[in-house]
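Working notes, structure below.
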Amino acid sequence: MKGQTALVTGASSGIGRAIALALGQAGAQVVVNYRSNAEKAQQVVTEIMDQGGKAIALAADVSQEEQVAQLFAETIRQFDSLELLVSNAGVQQDAKLVDMTLAQWETVLASNLTGAFLCTRAAAREFLRQGPRPESRALGKIIFISSVHTVIPWAGHCNYAASKAGLDMFMKSVAQELAPQGIRVNSVAPGAIKTPINEEAWSTPEAEAELLKLIPSGRVGVGADVAQAVVWLASEAADYVQGTILYVDGGMTLYPEFAKGG
Ligand code: NAD
């Protein structure tokens with residue numbers, strides 16, 4: 001990733017943080033986007049710089065068109081070019097369908113789906129504007145952080161599952177549309193990864209034991225599991241990979257309840 005700039009949305013915590021660190025280690029200049037926690041974003045920047053990398057932290061709510069425009073303009077102003085967008089920012093606001101407010105529905109769709117649209121459009125415009133660059137065979141690369149809940153229905157989380165299922169078809173449509181121009185578009189779909197978004201599902205031994213029943217590989221994932229998949233998808237080694245969803249889920253999508261017979 002030497003000489004390439006990577007913008008990671010929602011990178012002050014969890015999976016985004018792990019992706020930013022891994023891309024920094026792989027030689028990329030990293031833009032650590034965050035919505036509100038400047039201090040945590042700065043810690044990620046400091047960690048990348050301590051490893052000899054280059055990084056900056058930029059605030060933006062990815063669901064806001066004007067803030068996304070500023071995020072990309074500032075990225076180019078500071079790093080001159082952009083080679084990779086990792087659209088990772090996402091939220092959960094859980095409720096049973098009958099209790100779900102319109103605000104809960106709209107908040108999740110705004111960050112998880114509209115945010116991905118706004119950032120993808122800005123990245124694609126930038127890739128087309130800057131033209132081919134020697135650092136990468138692709139004109140540009142976009143990687144979404146999807147979820148196993150595009151194929152596993154999730155009671156009590158219908159807003160989240162719908163946003164991620166929408167993201168998958170958005171990814172495939174955009175991958176089809178942008179392939180002729182040399183822009184690579186793919187997704188990584190994590191299973192259960194230990195981050196703040198799902199802390200109650202793994203933070204006590206009892207909760208973790210319940211969760212492990214759903215994971216054939218026998219462990220809950222960590223951010224680095226997802227980050228390494230992202231680094232590979234962004235690399236030249238994956239230059240022929242287009243419109244793919246790479247599951248990083250310890251087998252969660254393998255119908256674990258059928259492991260001992262149906
Ligand atoms: P997290 O809560 O640590 O990270 C999400 C980050 O996105 C936060 O830093 C948050 O501030 C940021 N964010 C949310 N809305 C934003 C907005 N509008 N603008 C800018 N930033 C915004 O949780 P995480 O698990 O690291 O989640 C990262 C991504 O991975 C999310 O898209 C999530 O849906 C996805 N994911 C997580 C898991 C898991 O098990 N942890 C599984 C599948 C998918």
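Chain identifiers are assigned as A, B, and so on, following the order in which chains appear in the structure tokens; residues are numbered from 1 within each chain, and ligands are numbered from 1 in order of appearance.
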field: Polymer residues at most 12 Å from Trp202 of chain A, only C-alpha atoms, same-chain spacing of 3 or more positions, as a list in words
entry: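 The contact residues come out as Ala192, Ile193, Lys194, Thr195, Pro196, Ile197, Asn198, Glu199, Pro205, Glu206, Ala207, Glu208, Ala209, Glu210, Leu211, Leu212, Arg219, Val220, Gly221 and Val222 of chain A.
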Any chance you could tabulate, as JSON lines, the residues of chain A at most 6 Å from ligand 1 with each one's nearest atom pair and distance in Å to one decimal, using only C-alpha atoms and all ligand atoms, in chain and rising number order?
```
{"residue": "A:Thr9", "atom": "CA", "partner": "ligand 1", "partner_atom_place_in_ligand_line": "21 (N)", "distance": 5.9}
{"residue": "A:Gly10", "atom": "CA", "partner": "ligand 1", "partner_atom_place_in_ligand_line": "7 (O)", "distance": 3.6}
{"residue": "A:Ala11", "atom": "CA", "partner": "ligand 1", "partner_atom_place_in_ligand_line": "9 (O)", "distance": 5.7}
{"residue": "A:Ser12", "atom": "CA", "partner": "ligand 1", "partner_atom_place_in_ligand_line": "9 (O)", "distance": 5.0}
{"residue": "A:Ser13", "atom": "CA", "partner": "ligand 1", "partner_atom_place_in_ligand_line": "3 (O)", "distance": 4.3}
{"residue": "A:Gly14", "atom": "CA", "partner": "ligand 1", "partner_atom_place_in_ligand_line": "26 (O)", "distance": 3.4}
{"residue": "A:Ile15", "atom": "CA", "partner": "ligand 1", "partner_atom_place_in_ligand_line": "26 (O)", "distance": 3.7}
{"residue": "A:Gly16", "atom": "CA", "partner": "ligand 1", "partner_atom_place_in_ligand_line": "26 (O)", "distance": 5.5}
{"residue": "A:Tyr34", "atom": "CA", "partner": "ligand 1", "partner_atom_place_in_ligand_line": "21 (N)", "distance": 5.0}
{"residue": "A:Arg35", "atom": "CA", "partner": "ligand 1", "partner_atom_place_in_ligand_line": "20 (C)", "distance": 4.2}
{"residue": "A:Ala60", "atom": "CA", "partner": "ligand 1", "partner_atom_place_in_ligand_line": "20 (C)", "distance": 5.8}
{"residue": "A:Asp61", "atom": "CA", "partner": "ligand 1", "partner_atom_place_in_ligand_line": "19 (N)", "distance": 3.5}
{"residue": "A:Val62", "atom": "CA", "partner": "ligand 1", "partner_atom_place_in_ligand_line": "19 (N)", "distance": 4.0}
{"residue": "A:Ser63", "atom": "CA", "partner": "ligand 1", "partner_atom_place_in_ligand_line": "18 (N)", "distance": 4.9}
{"residue": "A:Asn88", "atom": "CA", "partner": "ligand 1", "partner_atom_place_in_ligand_line": "32 (O)", "distance": 4.7}
{"residue": "A:Ala89", "atom": "CA", "partner": "ligand 1", "partner_atom_place_in_ligand_line": "7 (O)", "distance": 3.5}
{"residue": "A:Gly90", "atom": "CA", "partner": "ligand 1", "partner_atom_place_in_ligand_line": "32 (O)", "distance": 3.5}
{"residue": "A:Val91", "atom": "CA", "partner": "ligand 1", "partner_atom_place_in_ligand_line": "14 (C)", "distance": 5.0}
{"residue": "A:Ser111", "atom": "CA", "partner": "ligand 1", "partner_atom_place_in_ligand_line": "18 (N)", "distance": 4.2}
{"residue": "A:Ile145", "atom": "CA", "partner": "ligand 1", "partner_atom_place_in_ligand_line": "32 (O)", "distance": 5.4}
{"residue": "A:Ser146", "atom": "CA", "partner": "ligand 1", "partner_atom_place_in_ligand_line": "44 (C)", "distance": 5.5}
{"residue": "A:Ser147", "atom": "CA", "partner": "ligand 1", "partner_atom_place_in_ligand_line": "43 (C)", "distance": 4.0}
{"residue": "A:Pro190", "atom": "CA", "partner": "ligand 1", "partner_atom_place_in_ligand_line": "43 (C)", "distance": 4.3}
{"residue": "A:Gly191", "atom": "CA", "partner": "ligand 1", "partner_atom_place_in_ligand_line": "42 (C)", "distance": 4.9}
{"residue": "A:Ala192", "atom": "CA", "partner": "ligand 1", "partner_atom_place_in_ligand_line": "40 (O)", "distance": 3.7}
{"residue": "A:Ile193", "atom": "CA", "partner": "ligand 1", "partner_atom_place_in_ligand_line": "40 (O)", "distance": 3.7}
{"residue": "A:Lys194", "atom": "CA", "partner": "ligand 1", "partner_atom_place_in_ligand_line": "41 (N)", "distance": 5.6}
{"residue": "A:Thr195", "atom": "CA", "partner": "ligand 1", "partner_atom_place_in_ligand_line": "25 (O)", "distance": 4.8}
{"residue": "A:Pro196", "atom": "CA", "partner": "ligand 1", "partner_atom_place_in_ligand_line": "3 (O)", "distance": 4.7}
{"residue": "A:Ile197", "atom": "CA", "partner": "ligand 1", "partner_atom_place_in_ligand_line": "2 (O)", "distance": 4.2}
{"residue": "A:Asn198", "atom": "CA", "partner": "ligand 1", "partner_atom_place_in_ligand_line": "41 (N)", "distance": 5.8}
```
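Coordinates place atom CA of Ala237 of chain A at a distance of 14.9 Å from atom CA of Leu23 of chain A.
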message: I'd like to know which of A:Glu83, A:Glu200, A:Asp50, A:Glu126 is closest to Gly24 of chain A, using only C-alpha atoms.
response: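 Among the listed residues, A:Asp50 lies closest to Gly24 of chain A.
Coordinates place atom CA of Ala161 of chain A at a distance of 15.9 Å from atom CA of Val98 of chain A.
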Neighbour list for Pro134 of chain A as a PyMOL selection string, cut-off 12 Å, only C-alpha atoms, skip fewer than 6 positions in-chain: chain A and resi 1-4+81+83+140+236
Once you have the residues from the selection above, write them out as a PDB file, in the first residue's frame, restricted to N, CA, C and O atoms.
```
ATOM      1  N   MET A   1       0.830  -1.216   0.000  1.00  0.00           N
ATOM      2  CA  MET A   1       0.000   0.000   0.000  1.00  0.00           C
ATOM      3  C   MET A   1       0.865   1.267   0.000  1.00  0.00           C
ATOM      4  O   MET A   1       0.345   2.364   0.181  1.00  0.00           O
ATOM      5  N   LYS A   2       2.177   1.112  -0.203  1.00  0.00           N
ATOM      6  CA  LYS A   2       3.094   2.272  -0.182  1.00  0.00           C
ATOM      7  C   LYS A   2       2.663   3.327  -1.202  1.00  0.00           C
ATOM      8  O   LYS A   2       2.331   2.998  -2.339  1.00  0.00           O
ATOM      9  N   GLY A   3       2.655   4.575  -0.791  1.00  0.00           N
ATOM     10  CA  GLY A   3       2.308   5.675  -1.690  1.00  0.00           C
ATOM     11  C   GLY A   3       0.810   5.829  -1.917  1.00  0.00           C
ATOM     12  O   GLY A   3       0.387   6.682  -2.677  1.00  0.00           O
ATOM     13  N   GLN A   4       0.002   4.992  -1.281  1.00  0.00           N
ATOM     14  CA  GLN A   4      -1.451   5.061  -1.475  1.00  0.00           C
ATOM     15  C   GLN A   4      -2.111   5.683  -0.239  1.00  0.00           C
ATOM     16  O   GLN A   4      -1.692   5.445   0.889  1.00  0.00           O
ATOM     17  N   SER A  81      -3.821  12.656  -3.091  1.00  0.00           N
ATOM     18  CA  SER A  81      -4.581  11.678  -3.884  1.00  0.00           C
ATOM     19  C   SER A  81      -5.318  10.726  -2.940  1.00  0.00           C
ATOM     20  O   SER A  81      -5.058  10.700  -1.739  1.00  0.00           O
ATOM     21  N   GLU A  83      -6.553   6.534  -3.002  1.00  0.00           N
ATOM     22  CA  GLU A  83      -6.568   5.257  -3.720  1.00  0.00           C
ATOM     23  C   GLU A  83      -7.586   4.274  -3.162  1.00  0.00           C
ATOM     24  O   GLU A  83      -8.014   3.357  -3.865  1.00  0.00           O
ATOM     25  N   GLY A 140      -9.047   2.981  -8.630  1.00  0.00           N
ATOM     26  CA  GLY A 140      -9.366   3.235  -7.228  1.00  0.00           C
ATOM     27  C   GLY A 140     -10.037   1.995  -6.661  1.00  0.00           C
ATOM     28  O   GLY A 140     -10.472   1.116  -7.414  1.00  0.00           O
ATOM     29  N   GLU A 236      -2.672  -5.415  -4.567  1.00  0.00           N
ATOM     30  CA  GLU A 236      -2.556  -5.812  -5.967  1.00  0.00           C
ATOM     31  C   GLU A 236      -2.875  -7.299  -6.146  1.00  0.00           C
ATOM     32  O   GLU A 236      -3.311  -7.721  -7.214  1.00  0.00           O
TER      33      GLU A 236
END
```
- prompt: Can you list, as a ChimeraX atom specification, every residue of segment 3-251 of chain A that DSSP puts in alpha helix (DSSP H)?
  reply: /A:14-25,38-50,65-79,102-109,115-130,158-178,205-212,223-234
Find the nearest atom pair between each residue of segment 52-94 of chain A and segment 151-158 of chain A for residues within 10 Å, count only C-alpha atoms, give distances in Å to one decimal, sort rows by chain and ascending number, and present the table as a Markdown table.
```
| residue | atom | partner | partner_atom | distance |
| --- | --- | --- | --- | --- |
| A:Gln92 | CA | A:His157 | CA | 7.7 |
| A:Gln93 | CA | A:His157 | CA | 7.5 |
| A:Asp94 | CA | A:His157 | CA | 5.1 |
```
Could you write out the selected residues, including all heavy atoms, as a PDB file, in the first residue's frame?
```pdb
ATOM      1  N   GLN A  92     -25.960   0.502  15.282  1.00  0.00           N
ATOM      2  CA  GLN A  92     -27.145  -0.311  15.584  1.00  0.00           C
ATOM      3  C   GLN A  92     -28.052   0.516  16.491  1.00  0.00           C
ATOM      4  O   GLN A  92     -27.567   1.217  17.382  1.00  0.00           O
ATOM      5  CB  GLN A  92     -26.749  -1.565  16.367  1.00  0.00           C
ATOM      6  CG  GLN A  92     -26.218  -2.697  15.521  1.00  0.00           C
ATOM      7  CD  GLN A  92     -25.867  -3.925  16.354  1.00  0.00           C
ATOM      8  OE1 GLN A  92     -24.828  -4.512  16.172  1.00  0.00           O
ATOM      9  NE2 GLN A  92     -26.752  -4.314  17.273  1.00  0.00           N
ATOM     10  N   GLN A  93     -29.347   0.443  16.266  1.00  0.00           N
ATOM     11  CA  GLN A  93     -30.323   0.980  17.230  1.00  0.00           C
ATOM     12  C   GLN A  93     -31.424  -0.052  17.272  1.00  0.00           C
ATOM     13  O   GLN A  93     -32.313  -0.067  16.424  1.00  0.00           O
ATOM     14  CB  GLN A  93     -30.838   2.345  16.784  1.00  0.00           C
ATOM     15  CG  GLN A  93     -29.780   3.419  16.922  1.00  0.00           C
ATOM     16  CD  GLN A  93     -30.353   4.792  17.208  1.00  0.00           C
ATOM     17  OE1 GLN A  93     -31.567   4.983  17.291  1.00  0.00           O
ATOM     18  NE2 GLN A  93     -29.485   5.764  17.360  1.00  0.00           N
ATOM     19  N   ASP A  94     -31.323  -0.945  18.241  1.00  0.00           N
ATOM     20  CA  ASP A  94     -32.132  -2.155  18.242  1.00  0.00           C
ATOM     21  C   ASP A  94     -33.500  -1.942  18.882  1.00  0.00           C
ATOM     22  O   ASP A  94     -33.623  -1.262  19.893  1.00  0.00           O
ATOM     23  CB  ASP A  94     -31.387  -3.263  18.992  1.00  0.00           C
ATOM     24  CG  ASP A  94     -29.970  -3.434  18.480  1.00  0.00           C
ATOM     25  OD1 ASP A  94     -29.746  -3.164  17.283  1.00  0.00           O
ATOM     26  OD2 ASP A  94     -29.090  -3.822  19.272  1.00  0.00           O
TER      27      ASP A  94
END
```
query: When distances are computed from only C-alpha atoms, which of A:Ser136, A:Phe144, A:Gln70, A:Lys96 shows the smallest separation from Ala116 of chain A?
result: A:Phe144
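Restricting the calculation to only C-alpha atoms, the smallest distance between Leu21 of chain A and any of A:Ser173, A:Ser217, A:Thr120, A:Gln228 is found for A:Gln228.
By chain and then residue number, the residues within 10 Å of Leu113 of chain A are Val62, Ser63, Ser87, Ala89, Gly90, Thr107, Tyr160, Ala162, Ser163, Lys164, Ala165, Gly166, Leu167, Asp168 and Phe170 of chain A, counting only C-alpha atoms and disregarding those fewer than 6 positions away in sequence.
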- prompt: Nearest to Leu102 of chain A: which of A:Ala69, A:Asp249, A:Asn159, A:Leu7 is it, counting only C-alpha atoms?
  reply: A:Asn159
query: What does the distance between atom CA of Val68 of chain A and atom CA of Trp232 of chain A come to in Å, to one decimal place?
result: 26.0 Å
query: In terms of the shortest atom-to-atom distance over only C-alpha atoms, which of A:Leu71, A:Ala6, A:Ala110, A:Val174 is closest to Val86 of chain A?
result: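 Among the listed residues, A:Ala6 lies closest to Val86 of chain A.
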message: Considering only strand (DSSP E) as DSSP defines it on the backbone, what residues of segment 7-250 of chain A qualify? List them as number ranges by chain.
response: A: 7-8, 29-34, 54-59, 84-87, 140-145, 183-190, 245-248
Based on the selection just made, write N, CA, C and O atoms of those residues as a short mmCIF file (atom, residue, chain, number, x, y, z; two decimals), in the first residue's frame.
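So result.cif came out as:
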```cif
data_model
loop_
_atom_site.label_atom_id
_atom_site.label_comp_id
_atom_site.auth_asym_id
_atom_site.auth_seq_id
_atom_site.Cartn_x
_atom_site.Cartn_y
_atom_site.Cartn_z
N LEU A 7 -8.80 6.10 3.05
CA LEU A 7 -9.72 6.79 3.95
C LEU A 7 -10.62 5.72 4.59
O LEU A 7 -11.30 4.97 3.88
N VAL A 8 -10.60 5.66 5.91
CA VAL A 8 -11.42 4.68 6.63
C VAL A 8 -12.46 5.43 7.45
O VAL A 8 -12.11 6.23 8.32
N GLN A 29 -0.95 5.84 3.63
CA GLN A 29 -1.23 7.05 4.41
C GLN A 29 -2.71 6.97 4.75
O GLN A 29 -3.53 6.78 3.85
N VAL A 30 -3.04 7.10 6.03
CA VAL A 30 -4.40 6.77 6.45
C VAL A 30 -5.15 8.01 6.94
O VAL A 30 -4.64 8.77 7.76
N VAL A 31 -6.37 8.17 6.44
CA VAL A 31 -7.28 9.18 6.98
C VAL A 31 -8.20 8.46 7.95
O VAL A 31 -8.97 7.57 7.56
N VAL A 32 -8.11 8.83 9.22
CA VAL A 32 -8.92 8.23 10.28
C VAL A 32 -10.15 9.12 10.46
O VAL A 32 -10.11 10.14 11.13
N ASN A 33 -11.25 8.72 9.80
CA ASN A 33 -12.48 9.51 9.95
C ASN A 33 -13.18 9.13 11.26
O ASN A 33 -13.18 7.98 11.67
N TYR A 34 -13.75 10.14 11.91
CA TYR A 34 -14.54 9.89 13.12
C TYR A 34 -15.69 10.87 13.13
O TYR A 34 -15.67 11.89 12.44
N LYS A 54 2.01 7.26 8.27
CA LYS A 54 1.48 8.62 8.16
C LYS A 54 -0.03 8.54 8.32
O LYS A 54 -0.68 7.68 7.70
N ALA A 55 -0.60 9.44 9.10
CA ALA A 55 -2.06 9.42 9.29
C ALA A 55 -2.53 10.78 9.77
O ALA A 55 -1.78 11.54 10.38
N ILE A 56 -3.79 11.07 9.47
CA ILE A 56 -4.45 12.25 10.01
C ILE A 56 -5.86 11.84 10.45
O ILE A 56 -6.41 10.86 9.94
N ALA A 57 -6.42 12.61 11.37
CA ALA A 57 -7.81 12.37 11.80
C ALA A 57 -8.68 13.48 11.24
O ALA A 57 -8.32 14.66 11.33
N LEU A 58 -9.81 13.11 10.63
CA LEU A 58 -10.75 14.10 10.09
C LEU A 58 -12.16 13.79 10.55
O LEU A 58 -12.63 12.65 10.38
N ALA A 59 -12.82 14.80 11.09
CA ALA A 59 -14.20 14.62 11.57
C ALA A 59 -15.18 14.74 10.41
O ALA A 59 -14.99 15.56 9.52
N LEU A 84 -7.96 4.44 -1.90
CA LEU A 84 -8.83 3.44 -1.25
C LEU A 84 -9.81 4.11 -0.29
O LEU A 84 -9.42 4.92 0.55
N LEU A 85 -11.08 3.73 -0.44
CA LEU A 85 -12.10 4.08 0.56
C LEU A 85 -12.52 2.80 1.27
O LEU A 85 -12.89 1.82 0.61
N VAL A 86 -12.46 2.80 2.58
CA VAL A 86 -13.07 1.71 3.36
C VAL A 86 -14.28 2.31 4.06
O VAL A 86 -14.16 3.10 5.00
N SER A 87 -15.47 1.94 3.57
CA SER A 87 -16.72 2.46 4.11
C SER A 87 -17.15 1.54 5.25
O SER A 87 -17.77 0.50 5.03
N GLY A 140 -9.05 2.98 -8.63
CA GLY A 140 -9.37 3.24 -7.23
C GLY A 140 -10.04 2.00 -6.66
O GLY A 140 -10.47 1.12 -7.41
N LYS A 141 -10.12 1.93 -5.33
CA LYS A 141 -10.70 0.75 -4.68
C LYS A 141 -11.66 1.19 -3.58
O LYS A 141 -11.39 2.15 -2.86
N ILE A 142 -12.77 0.46 -3.50
CA ILE A 142 -13.77 0.74 -2.46
C ILE A 142 -14.11 -0.58 -1.77
O ILE A 142 -14.40 -1.58 -2.45
N ILE A 143 -14.05 -0.58 -0.46
CA ILE A 143 -14.39 -1.78 0.31
C ILE A 143 -15.42 -1.40 1.37
O ILE A 143 -15.20 -0.46 2.16
N PHE A 144 -16.54 -2.12 1.36
CA PHE A 144 -17.59 -1.88 2.36
C PHE A 144 -17.46 -2.89 3.49
O PHE A 144 -17.11 -4.06 3.24
N ILE A 145 -17.80 -2.47 4.70
CA ILE A 145 -17.92 -3.43 5.79
C ILE A 145 -19.40 -3.75 5.92
O ILE A 145 -20.21 -2.93 6.37
N ILE A 183 -12.37 0.73 -11.47
CA ILE A 183 -12.56 0.92 -10.03
C ILE A 183 -13.04 -0.40 -9.42
O ILE A 183 -14.04 -0.96 -9.86
N ARG A 184 -12.30 -0.89 -8.46
CA ARG A 184 -12.64 -2.17 -7.82
C ARG A 184 -13.50 -1.92 -6.59
O ARG A 184 -13.17 -1.09 -5.74
N VAL A 185 -14.60 -2.66 -6.50
CA VAL A 185 -15.57 -2.47 -5.42
C VAL A 185 -15.91 -3.84 -4.83
O VAL A 185 -16.33 -4.75 -5.57
N ASN A 186 -15.74 -4.00 -3.54
CA ASN A 186 -16.00 -5.28 -2.86
C ASN A 186 -16.46 -5.04 -1.42
O ASN A 186 -16.40 -3.91 -0.94
N SER A 187 -16.89 -6.11 -0.77
CA SER A 187 -17.28 -6.03 0.65
C SER A 187 -16.59 -7.10 1.47
O SER A 187 -16.30 -8.18 0.98
N VAL A 188 -16.41 -6.78 2.73
CA VAL A 188 -16.04 -7.77 3.73
C VAL A 188 -17.23 -7.85 4.69
O VAL A 188 -17.72 -6.82 5.16
N ALA A 189 -17.69 -9.07 4.94
CA ALA A 189 -18.86 -9.26 5.81
C ALA A 189 -18.42 -9.97 7.10
O ALA A 189 -18.24 -11.20 7.10
N PRO A 190 -18.26 -9.21 8.18
CA PRO A 190 -17.84 -9.85 9.43
C PRO A 190 -18.99 -10.60 10.11
O PRO A 190 -20.16 -10.25 9.96
N ILE A 245 -18.34 -10.56 -1.95
CA ILE A 245 -18.51 -10.40 -0.50
C ILE A 245 -17.67 -11.48 0.18
O ILE A 245 -17.92 -12.67 0.00
N LEU A 246 -16.67 -11.03 0.91
CA LEU A 246 -15.78 -11.96 1.61
C LEU A 246 -16.24 -12.08 3.06
O LEU A 246 -16.15 -11.12 3.83
N TYR A 247 -16.78 -13.25 3.42
CA TYR A 247 -17.25 -13.46 4.79
C TYR A 247 -16.07 -13.76 5.70
O TYR A 247 -15.26 -14.62 5.39
N VAL A 248 -16.01 -13.04 6.81
CA VAL A 248 -14.97 -13.28 7.82
C VAL A 248 -15.73 -13.52 9.11
O VAL A 248 -16.00 -12.61 9.89
#
```
task: Just the residues within 10 Å of Gly52 of chain A, please, counting only C-alpha atoms, with nothing from its chain fewer than 5 positions along; format it as a list in words.
output: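 The neighbour list is Gly24, Gln25, Gly27, Thr46 and Glu47 of chain A.
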Hey, can you spit out that residue selection with C-alpha atoms as a PDB file, in the first residue's frame?
```pdb
ATOM      1  CA  GLY A  24      -0.879   2.009   8.148  1.00  0.00           C
ATOM      2  CA  GLN A  25       1.321  -1.031   8.770  1.00  0.00           C
ATOM      3  CA  GLY A  27       2.409   1.407   4.162  1.00  0.00           C
ATOM      4  CA  THR A  46      -0.536   8.422  17.031  1.00  0.00           C
ATOM      5  CA  GLU A  47      -0.361   4.613  16.974  1.00  0.00           C
TER       6      GLU A  47
END
```
- request: Counting only C-alpha atoms, figure out which residue out of A:Leu97, A:Ala22, A:Met169, A:Leu139 gets nearest to Thr244 of chain A.
  value: A:Met169
